[in-house]
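Reading through the structure tokens given below for one structure.
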Amino acid sequence: MSILKSLSAQLDSLTAADRQIAQFIIDHPNEMLGMSSAALAEATGRSQSSVVKFSQKLGYGGYQQLKLAVNKAKALEGHAPAGVIHGTIDASDSYVTILQKLIGSKLLSMRETTAANGEETIDSALDALVGARKIQLAGVGASSLVAKDFSYKLLKLGRTVLLDSDPHIQSSHASALDGSDVLVALSHSGRSVEILRIAELAKQRGATIVSVTGLQPNPLLEMADISLYTVADEERVRSSAITSRDAQLMLMDMLFILLLRRQSDAYDYIHRSEAAVTVLKA
């Protein structure tokens with residue numbers, strides 16, 4: 001995920017001083033690229049050391065590395081697929097424009113979701129799933145559809161999966177978990193009351209919690225042992241969960257593919273599953 005998108009998502013959680021620096025970079029990235037740390041400090045009313053410390057808080061060695069990240073983010077903005085634009089769909093848009101915006105939104109969401117999850121974090125999630133005695137999937141609304149799809153894939157690998165559309169039953173499942181189990185909790189907002197309750201129960205039982213949320217600070221993220229992120233373009237008007245669902249699906253599909261590679265007997269299970277279904281199709 002680009003540094004500009006990351007700063008926008010974190011803005012509300014930053015200190016007042018850091019927020020001033022971040023807002024300037026978001027609003028004036030091209031101007032910032034031509035500035036020294038002292039010039040940026042003067043433009044934002046902060047000290048030069050504050051700018052350097054801000055860069056380091058973001059995980060960069062210093063201000064120069066932050067500038068390189070911003071430069072890369074600006075360069076990537078010009079590499080959208082030919083004929084595809086990204087933006088919020090308006091009622092006045094033509095049929096073709098709506099298609100272009102929709103495709104652009106989906107592609108951008110999936111690309112940035114991939115970038116938002118580092119390999120080390122993905123490996124931690126895979127370790128948890130591979131070693132789990134039981135895997136509970138929890139989600140409501142559109143997230144429940146993603147959870148159901150992922151459950152089918154996990155079942156093909158011979159995994160013991162707990163899933164139900166009823167939050168009450170999901171809560172009952174969570175209350176029976178233990179330290180050898182994993183809860184994968186999906187909620188783009190990270191604030192769904194039902195999912196928070198399920199996560200609380202799983203936490204009390206000592207289960208490992210893998211959260212799948214947006215980048216914004218949220219209660220589910222705070223409870224998680226392993227945090228995965230989805231990036232969606234649905235902040236202005238959200239008529240339905242579209243890009244957030246696509247981002248979740250892409251992330252779960254990626255975990256499934258990586259599990260295939262990690263689990264030594266995965267293809268044996270896949271072949272048996274295909275053979276069983278082939279009989280029904282015949």
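Identifiers for the structure tokens are assigned positionally: chains receive A, B, ... in sequence, residues are indexed from 1 per chain, and ligands are indexed from 1 in the order shown.
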Within 12 Å of Val193 in chain A, counting only C-alpha atoms, which residues qualify if same-chain residues fewer than 5 places away don't, as a compact mmCIF listing (two decimals) with N, CA, C and O atoms, in the first residue's frame?
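Listed below is the output, part-v5.txt:
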```txt
# COMPACT_ATOMS: atom_id res chain seq x y z
N ALA A 138 -15.70 -16.06 11.43
CA ALA A 138 -16.80 -15.23 11.90
C ALA A 138 -16.94 -13.99 11.03
O ALA A 138 -15.96 -13.32 10.72
N GLY A 139 -18.18 -13.71 10.63
CA GLY A 139 -18.46 -12.52 9.83
C GLY A 139 -19.96 -12.33 9.74
O GLY A 139 -20.72 -13.30 9.82
N VAL A 140 -20.38 -11.09 9.60
CA VAL A 140 -21.80 -10.79 9.40
C VAL A 140 -21.94 -9.99 8.11
O VAL A 140 -20.99 -9.38 7.64
N PRO A 167 -25.28 -15.30 14.50
CA PRO A 167 -24.29 -14.80 15.46
C PRO A 167 -24.36 -15.51 16.81
O PRO A 167 -23.35 -15.64 17.50
N HIS A 168 -25.57 -15.96 17.20
CA HIS A 168 -25.70 -16.67 18.48
C HIS A 168 -24.92 -17.98 18.44
O HIS A 168 -24.23 -18.34 19.40
N SER A 171 -21.26 -17.34 18.50
CA SER A 171 -20.82 -17.07 19.87
C SER A 171 -20.64 -18.37 20.65
O SER A 171 -19.69 -18.52 21.42
N ALA A 185 -11.64 -13.51 12.25
CA ALA A 185 -12.78 -12.60 12.37
C ALA A 185 -12.72 -11.55 11.29
O ALA A 185 -11.76 -10.77 11.20
N SER A 187 -14.29 -8.23 9.53
CA SER A 187 -15.15 -7.06 9.66
C SER A 187 -14.38 -5.87 9.13
O SER A 187 -13.39 -5.46 9.74
N ILE A 198 -17.91 -12.13 19.66
CA ILE A 198 -17.33 -13.43 19.33
C ILE A 198 -15.83 -13.42 19.60
O ILE A 198 -15.27 -14.37 20.17
N ALA A 199 -15.17 -12.34 19.22
CA ALA A 199 -13.72 -12.22 19.45
C ALA A 199 -13.41 -12.18 20.94
O ALA A 199 -12.41 -12.77 21.40
N GLU A 200 -14.24 -11.50 21.72
CA GLU A 200 -14.03 -11.44 23.17
C GLU A 200 -14.11 -12.83 23.79
O GLU A 200 -13.28 -13.20 24.63
N ASN A 218 -9.46 0.33 15.19
CA ASN A 218 -10.78 -0.20 15.52
C ASN A 218 -10.64 -1.22 16.66
O ASN A 218 -9.55 -1.76 16.89
N PRO A 219 -11.73 -1.52 17.36
CA PRO A 219 -11.68 -2.41 18.52
C PRO A 219 -11.25 -3.84 18.19
O PRO A 219 -10.55 -4.48 18.98
N LEU A 220 -11.66 -4.37 17.03
CA LEU A 220 -11.30 -5.74 16.67
C LEU A 220 -9.79 -5.85 16.46
O LEU A 220 -9.16 -6.83 16.87
```
| DSSP on the backbone: what in range 55-187 of chain A comes out strand (DSSP E), as a list in words? | Ile135, Gln136, Leu137, Ala138, Val161, Leu162, Val182, Leu183, Val184, Ala185 and Leu186 of chain A
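Atom pair CA of Pro217 in chain A / CA of Gly118 in chain A: separated by 17.9 Å.
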| message | Need to verify the contact set: Ser49 in chain A, 12 Å, only C-alpha atoms, exclusion of same-chain residues closer than 2 positions in sequence. Can you return it as a ChimeraX atom specification? | response | /A:17-18,37-42,45-47,51-56,62-63
Atoms to include: N, CA and C atoms. Write the selected residues as a PDB file, in the first residue's frame.
```
ATOM      1  N   ALA A  17       0.956  16.998  16.339  1.00  0.00           N
ATOM      2  CA  ALA A  17       2.160  17.402  15.617  1.00  0.00           C
ATOM      3  C   ALA A  17       2.370  16.539  14.381  1.00  0.00           C
ATOM      4  N   ASP A  18       2.274  15.231  14.551  1.00  0.00           N
ATOM      5  CA  ASP A  18       2.462  14.323  13.418  1.00  0.00           C
ATOM      6  C   ASP A  18       1.364  14.493  12.383  1.00  0.00           C
ATOM      7  N   SER A  37      14.210  18.432   4.955  1.00  0.00           N
ATOM      8  CA  SER A  37      13.495  18.223   6.213  1.00  0.00           C
ATOM      9  C   SER A  37      13.283  19.556   6.926  1.00  0.00           C
ATOM     10  N   ALA A  38      14.255  20.473   6.800  1.00  0.00           N
ATOM     11  CA  ALA A  38      14.126  21.790   7.432  1.00  0.00           C
ATOM     12  C   ALA A  38      13.005  22.600   6.778  1.00  0.00           C
ATOM     13  N   ALA A  39      12.898  22.492   5.448  1.00  0.00           N
ATOM     14  CA  ALA A  39      11.853  23.233   4.729  1.00  0.00           C
ATOM     15  C   ALA A  39      10.470  22.697   5.076  1.00  0.00           C
ATOM     16  N   LEU A  40      10.351  21.379   5.184  1.00  0.00           N
ATOM     17  CA  LEU A  40       9.056  20.800   5.554  1.00  0.00           C
ATOM     18  C   LEU A  40       8.693  21.191   6.979  1.00  0.00           C
ATOM     19  N   ALA A  41       9.689  21.237   7.847  1.00  0.00           N
ATOM     20  CA  ALA A  41       9.450  21.645   9.230  1.00  0.00           C
ATOM     21  C   ALA A  41       8.917  23.074   9.276  1.00  0.00           C
ATOM     22  N   GLU A  42       9.509  23.953   8.489  1.00  0.00           N
ATOM     23  CA  GLU A  42       9.077  25.350   8.455  1.00  0.00           C
ATOM     24  C   GLU A  42       7.663  25.482   7.895  1.00  0.00           C
ATOM     25  N   GLY A  45       5.246  24.234  10.566  1.00  0.00           N
ATOM     26  CA  GLY A  45       5.327  24.831  11.894  1.00  0.00           C
ATOM     27  C   GLY A  45       5.889  23.891  12.947  1.00  0.00           C
ATOM     28  N   ARG A  46       6.636  22.900  12.509  1.00  0.00           N
ATOM     29  CA  ARG A  46       7.245  21.938  13.442  1.00  0.00           C
ATOM     30  C   ARG A  46       8.757  22.081  13.410  1.00  0.00           C
ATOM     31  N   SER A  47       9.454  21.359  14.251  1.00  0.00           N
ATOM     32  CA  SER A  47      10.910  21.394  14.253  1.00  0.00           C
ATOM     33  C   SER A  47      11.461  20.371  13.271  1.00  0.00           C
ATOM     34  N   VAL A  51      10.252  16.267  12.149  1.00  0.00           N
ATOM     35  CA  VAL A  51      10.077  15.684  10.812  1.00  0.00           C
ATOM     36  C   VAL A  51      10.861  14.383  10.701  1.00  0.00           C
ATOM     37  N   VAL A  52      12.094  14.390  11.202  1.00  0.00           N
ATOM     38  CA  VAL A  52      12.922  13.189  11.155  1.00  0.00           C
ATOM     39  C   VAL A  52      12.304  12.078  12.011  1.00  0.00           C
ATOM     40  N   LYS A  53      11.855  12.430  13.221  1.00  0.00           N
ATOM     41  CA  LYS A  53      11.234  11.438  14.110  1.00  0.00           C
ATOM     42  C   LYS A  53       9.938  10.891  13.501  1.00  0.00           C
ATOM     43  N   PHE A  54       9.195  11.758  12.828  1.00  0.00           N
ATOM     44  CA  PHE A  54       7.975  11.332  12.156  1.00  0.00           C
ATOM     45  C   PHE A  54       8.290  10.278  11.103  1.00  0.00           C
ATOM     46  N   SER A  55       9.355  10.503  10.337  1.00  0.00           N
ATOM     47  CA  SER A  55       9.774   9.539   9.314  1.00  0.00           C
ATOM     48  C   SER A  55      10.127   8.200   9.947  1.00  0.00           C
ATOM     49  N   GLN A  56      10.821   8.253  11.063  1.00  0.00           N
ATOM     50  CA  GLN A  56      11.251   7.031  11.747  1.00  0.00           C
ATOM     51  C   GLN A  56      10.071   6.277  12.354  1.00  0.00           C
ATOM     52  N   GLY A  62      15.033   7.510   7.805  1.00  0.00           N
ATOM     53  CA  GLY A  62      15.103   8.952   7.949  1.00  0.00           C
ATOM     54  C   GLY A  62      14.225   9.643   6.942  1.00  0.00           C
ATOM     55  N   TYR A  63      14.337  10.953   6.864  1.00  0.00           N
ATOM     56  CA  TYR A  63      13.479  11.739   5.992  1.00  0.00           C
ATOM     57  C   TYR A  63      13.678  11.405   4.516  1.00  0.00           C
TER      58      TYR A  63
END
```
| query | Can you list, as a list in words, every protein, DNA or RNA residue that comes within 10 Å of range 263-276 of chain A when you count only C-alpha atoms, leaving out same-chain residues fewer than 2 positions away? | reply | Leu126, Val130, Lys153, Leu154, Leu155, Lys156, Leu157, Gly158, Arg159, Leu258, Leu259, Leu260, Arg261, Thr278, Val279, Leu280 and Lys281 of chain A
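The shortest atom-to-atom distance to Ile226 in chain A, with only C-alpha atoms taken into account, belongs to A:Ile122 out of A:Ala176, A:Ala147, A:Leu137, A:Ile122.
Nearest residue to Ser8 in chain A among A:Ala142, A:Val231, A:Ile169, A:Ala202 is A:Val231, counting only C-alpha atoms.
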| field | Expected answer as a VMD selection string: alpha helix (DSSP H) residues in range 41-250 of chain A | value | chain A and resid 41 to 44 48 to 57 63 to 77 95 to 116 119 to 131 142 to 156 167 to 175 193 to 204 219 to 223 243 to 250
Selection above as a file: C-alpha atoms, as an mmCIF file, in the first residue's frame:
```cif
data_model
loop_
_atom_site.group_PDB
_atom_site.id
_atom_site.type_symbol
_atom_site.label_atom_id
_atom_site.label_comp_id
_atom_site.auth_asym_id
_atom_site.auth_seq_id
_atom_site.Cartn_x
_atom_site.Cartn_y
_atom_site.Cartn_z
ATOM 1 C CA ALA A 41 9.450 21.645 9.230
ATOM 2 C CA GLU A 42 9.077 25.350 8.455
ATOM 3 C CA ALA A 43 6.047 24.760 6.217
ATOM 4 C CA THR A 44 4.268 22.759 8.915
ATOM 5 C CA GLN A 48 13.338 19.620 11.926
ATOM 6 C CA SER A 49 13.827 16.872 14.525
ATOM 7 C CA SER A 50 10.042 16.346 14.572
ATOM 8 C CA VAL A 51 10.077 15.684 10.812
ATOM 9 C CA VAL A 52 12.922 13.189 11.155
ATOM 10 C CA LYS A 53 11.234 11.438 14.110
ATOM 11 C CA PHE A 54 7.975 11.332 12.156
ATOM 12 C CA SER A 55 9.774 9.539 9.314
ATOM 13 C CA GLN A 56 11.251 7.031 11.747
ATOM 14 C CA LYS A 57 7.875 6.363 13.397
ATOM 15 C CA TYR A 63 13.479 11.739 5.992
ATOM 16 C CA GLN A 64 15.193 10.814 2.728
ATOM 17 C CA GLN A 65 13.686 7.320 2.826
ATOM 18 C CA LEU A 66 10.253 8.840 3.436
ATOM 19 C CA LYS A 67 10.710 11.042 0.352
ATOM 20 C CA LEU A 68 11.602 7.970 -1.703
ATOM 21 C CA ALA A 69 8.381 6.257 -0.538
ATOM 22 C CA VAL A 70 6.291 9.300 -1.464
ATOM 23 C CA ASN A 71 8.018 9.502 -4.839
ATOM 24 C CA LYS A 72 7.219 5.821 -5.455
ATOM 25 C CA ALA A 73 3.579 6.396 -4.482
ATOM 26 C CA LYS A 74 3.267 9.265 -6.945
ATOM 27 C CA ALA A 75 4.879 7.191 -9.696
ATOM 28 C CA LEU A 76 2.445 4.310 -9.143
ATOM 29 C CA GLU A 77 -0.542 6.654 -9.556
ATOM 30 C CA TYR A 95 -22.840 3.380 -18.449
ATOM 31 C CA VAL A 96 -19.282 3.115 -19.785
ATOM 32 C CA THR A 97 -17.915 5.458 -17.107
ATOM 33 C CA ILE A 98 -19.595 3.440 -14.370
ATOM 34 C CA LEU A 99 -18.033 0.256 -15.720
ATOM 35 C CA GLN A 100 -14.612 1.884 -15.865
ATOM 36 C CA LYS A 101 -14.878 3.289 -12.355
ATOM 37 C CA LEU A 102 -16.142 0.006 -10.955
ATOM 38 C CA ILE A 103 -13.331 -2.004 -12.540
ATOM 39 C CA GLY A 104 -10.801 0.617 -11.475
ATOM 40 C CA SER A 105 -12.063 0.567 -7.883
ATOM 41 C CA LYS A 106 -11.927 -3.220 -7.680
ATOM 42 C CA LEU A 107 -8.431 -3.454 -9.155
ATOM 43 C CA LEU A 108 -7.086 -0.685 -6.951
ATOM 44 C CA SER A 109 -8.652 -2.202 -3.827
ATOM 45 C CA MET A 110 -7.148 -5.626 -4.471
ATOM 46 C CA ARG A 111 -3.748 -4.212 -5.396
ATOM 47 C CA GLU A 112 -3.561 -2.030 -2.281
ATOM 48 C CA THR A 113 -4.850 -4.819 -0.031
ATOM 49 C CA THR A 114 -1.983 -6.985 -1.236
ATOM 50 C CA ALA A 115 0.481 -4.186 -0.524
ATOM 51 C CA ALA A 116 -0.971 -3.546 2.955
ATOM 52 C CA GLU A 119 4.968 -11.300 3.976
ATOM 53 C CA GLU A 120 5.924 -11.729 7.634
ATOM 54 C CA THR A 121 2.357 -11.110 8.797
ATOM 55 C CA ILE A 122 0.936 -13.428 6.153
ATOM 56 C CA ASP A 123 3.386 -16.134 7.280
ATOM 57 C CA SER A 124 2.230 -15.690 10.879
ATOM 58 C CA ALA A 125 -1.389 -16.150 9.809
ATOM 59 C CA LEU A 126 -0.440 -19.250 7.818
ATOM 60 C CA ASP A 127 1.443 -20.703 10.799
ATOM 61 C CA ALA A 128 -1.628 -20.196 12.965
ATOM 62 C CA LEU A 129 -3.971 -21.815 10.423
ATOM 63 C CA VAL A 130 -1.672 -24.777 9.746
ATOM 64 C CA GLY A 131 -1.256 -25.498 13.440
ATOM 65 C CA ALA A 142 -21.080 -9.352 3.253
ATOM 66 C CA SER A 143 -18.215 -10.591 5.437
ATOM 67 C CA SER A 144 -20.223 -13.725 6.230
ATOM 68 C CA LEU A 145 -20.325 -14.543 2.494
ATOM 69 C CA VAL A 146 -16.542 -14.247 2.313
ATOM 70 C CA ALA A 147 -16.214 -16.401 5.423
ATOM 71 C CA LYS A 148 -18.455 -19.062 3.855
ATOM 72 C CA ASP A 149 -16.391 -19.124 0.668
ATOM 73 C CA PHE A 150 -13.170 -19.493 2.678
ATOM 74 C CA SER A 151 -14.716 -22.254 4.777
ATOM 75 C CA TYR A 152 -15.412 -24.318 1.642
ATOM 76 C CA LYS A 153 -11.780 -23.961 0.616
ATOM 77 C CA LEU A 154 -10.512 -24.967 4.056
ATOM 78 C CA LEU A 155 -12.815 -28.000 4.098
ATOM 79 C CA LYS A 156 -11.214 -29.122 0.825
ATOM 80 C CA PRO A 167 -24.292 -14.805 15.458
ATOM 81 C CA HIS A 168 -25.699 -16.666 18.476
ATOM 82 C CA ILE A 169 -24.307 -19.958 17.197
ATOM 83 C CA GLN A 170 -21.049 -18.251 16.257
ATOM 84 C CA SER A 171 -20.815 -17.074 19.874
ATOM 85 C CA SER A 172 -21.458 -20.608 21.115
ATOM 86 C CA HIS A 173 -18.673 -21.915 18.881
ATOM 87 C CA ALA A 174 -16.299 -19.256 20.216
ATOM 88 C CA SER A 175 -17.076 -20.158 23.825
ATOM 89 C CA VAL A 193 -21.003 -5.685 17.646
ATOM 90 C CA GLU A 194 -21.551 -9.391 16.929
ATOM 91 C CA ILE A 195 -17.979 -9.968 15.769
ATOM 92 C CA LEU A 196 -16.524 -8.073 18.723
ATOM 93 C CA ARG A 197 -18.499 -10.280 21.117
ATOM 94 C CA ILE A 198 -17.332 -13.435 19.330
ATOM 95 C CA ALA A 199 -13.724 -12.224 19.451
ATOM 96 C CA GLU A 200 -14.029 -11.437 23.170
ATOM 97 C CA LEU A 201 -15.249 -14.975 23.874
ATOM 98 C CA ALA A 202 -12.449 -16.500 21.784
ATOM 99 C CA LYS A 203 -9.899 -14.305 23.576
ATOM 100 C CA GLN A 204 -11.160 -15.464 26.955
ATOM 101 C CA PRO A 219 -11.677 -2.412 18.524
ATOM 102 C CA LEU A 220 -11.298 -5.739 16.668
ATOM 103 C CA LEU A 221 -7.786 -4.811 15.608
ATOM 104 C CA GLU A 222 -6.867 -4.166 19.236
ATOM 105 C CA MET A 223 -7.988 -7.667 20.272
ATOM 106 C CA THR A 243 -14.726 -3.318 -2.993
ATOM 107 C CA SER A 244 -14.382 -4.296 0.691
ATOM 108 C CA ARG A 245 -15.865 -7.699 -0.152
ATOM 109 C CA ASP A 246 -13.538 -8.078 -3.142
ATOM 110 C CA ALA A 247 -10.560 -7.167 -0.959
ATOM 111 C CA GLN A 248 -11.563 -9.769 1.632
ATOM 112 C CA LEU A 249 -12.100 -12.430 -1.040
ATOM 113 C CA MET A 250 -8.730 -11.725 -2.603
#
```
